[in-house]
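Asker: What follows is a structure written as structure tokens; I'll ask about it next.
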Amino acid sequence: MNQVRQSPTGILGFPVAPMDQHGKLDEKALEANIQFLIKEGLSSIFIACGSGEFHALSHRDYKSMVEVAVATAKGKVPVYTGVGGNISHALELTELSAELGVDGYLILPPYLIEPEQEGLYQYLNTIIQSTDLNAIVYQRDNCVCSLETLQRLLESPQLVGLKDGLGNMDLNIEMTQTIGKRLEWLNGMPMAEVTMPAYVNLGFRTYSSAISNYIPHISALFFDALLSHNDDLLHELYEHVILPINKIRKQRKGYAVALIKAGMEIVGHPVGTTVRAPIIQVEKDHYDKLAQIIQVAFEKFPKAAKS
């Protein structure tokens, strides 16, 4: 297998896990979600990860989501899966991912344990080495590699990127300036648009965008303004859209996921707002405020017609 050893770059697409009125996975809505992200120019699809409620998926639903993603992407963009948690389960998912023809996977933190660096190395290295697929480490919670641990993992060519959801800028500087372009550096902070200006100067040229599921033109406008140093436009986007949405996101635990579904429903995507426990649905007051922000986003920053 001639595996391309390159992480996706740009703005990454993270679909949700829609549920129908019976609480079952809605594959048609998922397909529409993925088609929308690809049509809007997202560089890749990361299926069954955090926004896809990885924590609560059955094996059957996980498999179905990956199958839908691969069939819908049709090779137009790379598809990555979420793997992690229980190490035995993680290895089952890496094997399944390889069988279903994805390009790589995002390694989520181990279940429950706060590991020593040696234990974390063994966890990550075992998953990375389990297949020939590309692997990206998600640096967050109880999965925080030291520079030395990450350097040991670099011996595996499968490792192509590190996604930071921790926000430790001292560590980020140490890693990016020591390791450089051997890895792709991905901003995975909640509402990554908020922090991306601080990350881009460290060599992070990639980020996951939750709002791309419902206002992708804002994500694209933001990233272009950031890279072209259009500070006036950045200020406008922060003032009227990004910071107000982020303020709602911080009101409740789990809103990083639930708010995506709420936003998608507001703009007319048929995914519903039901989420899987222990995440809670967006409260009505917050839902209404989000709807107002989205309306402002379309009024102040109209979506350009596609040529």
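Quick note on naming: the chains in the structure tokens go A, B, ... in the order shown, residues restart at 1 in each chain, and ligands are numbered from 1 in order of appearance.
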Mind checking which residues fall within 6 Å of Leu147 of chain A, counting only C-alpha atoms, ignoring those fewer than 2 positions away in the same chain, and posting them as a list of chain:residue names?
Answerer: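 Result of the neighbour search: A:Thr149, A:Leu150, A:Met175.
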Asker: Write out as a count of residues only the residues lying within 12 Å of Arg60 of chain A, counting only C-alpha atoms and excluding same-chain residues fewer than 6 positions away.
Answerer: 7
Asker: When DSSP works through the backbone of this structure, what residues of segment 50-184 of chain A end up as helix (DSSP H, G or I), shown as a PyMOL selection string?
Answerer: chain A and resi 54-56+59-73+87-100+117-129+147-153+169-182
Asker: Between segment 169-202 of chain A and segment 49-58 of chain A, at 12 Å or less, what are the per-residue closest atom pairs and their distances in Å? Count only C-alpha atoms, order by chain and rising residue number, and return it as a Markdown table.
Answerer:
| residue | atom | partner | partner_atom | distance |
| --- | --- | --- | --- | --- |
| A:Gly188 | CA | A:Gly50 | CA | 10.5 |
| A:Met189 | CA | A:Gly50 | CA | 11.7 |
| A:Pro190 | CA | A:Gly50 | CA | 10.6 |
| A:Met191 | CA | A:Ser51 | CA | 11.8 |
Asker: Using C-alpha atoms, can you export the residues from the last selection as a CSV table (one decimal), in the first residue's frame?
Answerer:
chain,number,residue,atom,x,y,z
A,188,GLY,CA,-8.1,21.5,18.2
A,189,MET,CA,-9.2,23.9,20.9
A,190,PRO,CA,-12.9,24.3,21.5
A,191,MET,CA,-14.1,27.0,19.1
Asker: Give me the residues within 8 Å of Lys163 of chain A as number ranges by chain, counting only C-alpha atoms and dropping any in the same chain fewer than 3 places off.
Answerer: A: 136-139, 185-188
Asker: Excluding Ile34 of chain A and any residue of its chain fewer than 4 positions from it, enumerate the residues within 7 Å of it, using only C-alpha atoms, and give them as a PyMOL selection string.
Answerer: chain A and resi 15+30+38+69+72
Asker: Can you spit out the residues from that selection as a PDB file, in the first residue's frame, using N, CA, C and O atoms?
Answerer:
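So part_1.pdb came out as:
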ATOM      1  N   PRO A  15     -18.144  16.099  11.124  1.00  0.00           N
ATOM      2  CA  PRO A  15     -19.598  15.911  11.118  1.00  0.00           C
ATOM      3  C   PRO A  15     -20.124  15.480  12.485  1.00  0.00           C
ATOM      4  O   PRO A  15     -19.382  14.970  13.330  1.00  0.00           O
ATOM      5  N   LEU A  30     -26.645  12.233   8.099  1.00  0.00           N
ATOM      6  CA  LEU A  30     -25.188  12.211   8.168  1.00  0.00           C
ATOM      7  C   LEU A  30     -24.589  12.392   6.779  1.00  0.00           C
ATOM      8  O   LEU A  30     -23.638  13.173   6.593  1.00  0.00           O
ATOM      9  N   ILE A  38     -18.084  18.952   2.375  1.00  0.00           N
ATOM     10  CA  ILE A  38     -17.215  18.819   1.203  1.00  0.00           C
ATOM     11  C   ILE A  38     -17.528  19.911   0.186  1.00  0.00           C
ATOM     12  O   ILE A  38     -16.624  20.553  -0.371  1.00  0.00           O
ATOM     13  N   ALA A  69     -19.294   7.856   5.553  1.00  0.00           N
ATOM     14  CA  ALA A  69     -18.280   8.869   5.263  1.00  0.00           C
ATOM     15  C   ALA A  69     -17.434   8.480   4.056  1.00  0.00           C
ATOM     16  O   ALA A  69     -17.190   9.303   3.161  1.00  0.00           O
ATOM     17  N   THR A  72     -19.544   8.633   0.862  1.00  0.00           N
ATOM     18  CA  THR A  72     -19.923   9.996   0.489  1.00  0.00           C
ATOM     19  C   THR A  72     -18.726  10.806   0.004  1.00  0.00           C
ATOM     20  O   THR A  72     -18.827  11.574  -0.958  1.00  0.00           O
TER      21      THR A  72
END
Asker: Fewer than 2 positions away in the same chain doesn't count, so skip those; otherwise give me all residues within 12 Å of Lys74 of chain A, counting only C-alpha atoms, as a list in words.
Answerer: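 After dropping sequence-adjacent residues, the list is Glu31, Ile34, Gln35, Ile38, Ser44, Ile45, Glu67, Val68, Ala69, Val70, Ala71, Thr72, Lys76, Val77, Pro78, Val79, Gly101, Val102 and Asp103 of chain A.
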Asker: Keeping only N, CA, C and O atoms, write those residues as an mmCIF file, in the first residue's frame.
Answerer:
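For reference, out08.cif as written:
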data_model
loop_
_atom_site.group_PDB
_atom_site.id
_atom_site.type_symbol
_atom_site.label_atom_id
_atom_site.label_comp_id
_atom_site.auth_asym_id
_atom_site.auth_seq_id
_atom_site.Cartn_x
_atom_site.Cartn_y
_atom_site.Cartn_z
ATOM 1 N N GLU A 31 -25.135 11.690 5.804
ATOM 2 C CA GLU A 31 -24.664 11.830 4.426
ATOM 3 C C GLU A 31 -24.785 13.282 3.957
ATOM 4 O O GLU A 31 -23.866 13.837 3.348
ATOM 5 N N ILE A 34 -22.092 15.472 5.556
ATOM 6 C CA ILE A 34 -20.776 15.286 4.934
ATOM 7 C C ILE A 34 -20.730 15.929 3.553
ATOM 8 O O ILE A 34 -19.749 16.600 3.192
ATOM 9 N N GLN A 35 -21.790 15.753 2.780
ATOM 10 C CA GLN A 35 -21.854 16.383 1.463
ATOM 11 C C GLN A 35 -21.741 17.898 1.579
ATOM 12 O O GLN A 35 -21.049 18.545 0.774
ATOM 13 N N ILE A 38 -18.084 18.952 2.375
ATOM 14 C CA ILE A 38 -17.215 18.819 1.203
ATOM 15 C C ILE A 38 -17.528 19.911 0.186
ATOM 16 O O ILE A 38 -16.624 20.553 -0.371
ATOM 17 N N SER A 44 -11.136 17.929 4.682
ATOM 18 C CA SER A 44 -11.137 16.518 5.082
ATOM 19 C C SER A 44 -12.363 16.259 5.939
ATOM 20 O O SER A 44 -13.023 17.183 6.396
ATOM 21 N N ILE A 45 -12.630 14.988 6.150
ATOM 22 C CA ILE A 45 -13.735 14.577 7.006
ATOM 23 C C ILE A 45 -13.186 13.728 8.149
ATOM 24 O O ILE A 45 -12.537 12.702 7.915
ATOM 25 N N GLU A 67 -18.705 3.947 7.168
ATOM 26 C CA GLU A 67 -19.121 3.514 5.830
ATOM 27 C C GLU A 67 -19.777 4.656 5.063
ATOM 28 O O GLU A 67 -19.513 4.856 3.868
ATOM 29 N N VAL A 68 -20.636 5.407 5.729
ATOM 30 C CA VAL A 68 -21.293 6.547 5.088
ATOM 31 C C VAL A 68 -20.257 7.599 4.681
ATOM 32 O O VAL A 68 -20.317 8.153 3.576
ATOM 33 N N ALA A 69 -19.294 7.856 5.553
ATOM 34 C CA ALA A 69 -18.280 8.869 5.263
ATOM 35 C C ALA A 69 -17.434 8.480 4.056
ATOM 36 O O ALA A 69 -17.190 9.303 3.161
ATOM 37 N N VAL A 70 -16.986 7.248 4.014
ATOM 38 C CA VAL A 70 -16.154 6.784 2.897
ATOM 39 C C VAL A 70 -16.944 6.816 1.594
ATOM 40 O O VAL A 70 -16.450 7.274 0.551
ATOM 41 N N ALA A 71 -18.185 6.331 1.637
ATOM 42 C CA ALA A 71 -19.016 6.302 0.435
ATOM 43 C C ALA A 71 -19.359 7.701 -0.056
ATOM 44 O O ALA A 71 -19.445 7.939 -1.263
ATOM 45 N N THR A 72 -19.544 8.633 0.862
ATOM 46 C CA THR A 72 -19.923 9.996 0.489
ATOM 47 C C THR A 72 -18.726 10.806 0.004
ATOM 48 O O THR A 72 -18.827 11.574 -0.958
ATOM 49 N N LYS A 76 -12.728 12.307 -2.686
ATOM 50 C CA LYS A 76 -12.545 13.733 -2.948
ATOM 51 C C LYS A 76 -11.704 14.397 -1.867
ATOM 52 O O LYS A 76 -10.926 15.318 -2.138
ATOM 53 N N VAL A 77 -11.900 13.964 -0.635
ATOM 54 C CA VAL A 77 -11.122 14.461 0.498
ATOM 55 C C VAL A 77 -10.757 13.261 1.372
ATOM 56 O O VAL A 77 -11.453 12.243 1.358
ATOM 57 N N PRO A 78 -9.676 13.342 2.140
ATOM 58 C CA PRO A 78 -9.334 12.238 3.042
ATOM 59 C C PRO A 78 -10.350 12.088 4.163
ATOM 60 O O PRO A 78 -10.955 13.063 4.605
ATOM 61 N N VAL A 79 -10.522 10.855 4.606
ATOM 62 C CA VAL A 79 -11.417 10.531 5.715
ATOM 63 C C VAL A 79 -10.594 9.964 6.863
ATOM 64 O O VAL A 79 -9.816 9.023 6.673
ATOM 65 N N GLY A 101 -11.356 1.345 4.573
ATOM 66 C CA GLY A 101 -10.689 2.154 3.558
ATOM 67 C C GLY A 101 -10.515 3.624 3.863
ATOM 68 O O GLY A 101 -10.466 4.451 2.948
ATOM 69 N N VAL A 102 -10.371 3.974 5.146
ATOM 70 C CA VAL A 102 -10.129 5.377 5.478
ATOM 71 C C VAL A 102 -8.647 5.702 5.304
ATOM 72 O O VAL A 102 -7.814 4.821 5.067
ATOM 73 N N ASP A 103 -8.317 6.967 5.435
ATOM 74 C CA ASP A 103 -6.937 7.415 5.237
ATOM 75 C C ASP A 103 -6.126 7.455 6.515
ATOM 76 O O ASP A 103 -4.894 7.409 6.477
#
Asker: Of the residues A:Ile279, A:Val144, A:Ala220, A:Ala225, which is the one nearest to Ala256 of chain A, using only C-alpha atoms?
Answerer: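 With only C-alpha atoms as the atom set, the closest residue is A:Ile279.
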Asker: Find, counting only C-alpha atoms, the residue in A:Ala291, A:Ile179, A:Ala304, A:Ile47 that gets nearest to Val241 of chain A.
Answerer: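 Looking at the shortest contact to Val241 of chain A, the residue is A:Ala291.
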Asker: Applying 10 Å and only C-alpha atoms, which residues near Thr273 of chain A remain after dropping the ones on its own chain fewer than 3 positions away? List them as a PyMOL selection string.
Answerer: chain A and resi 18-20+258-266+270+280-282
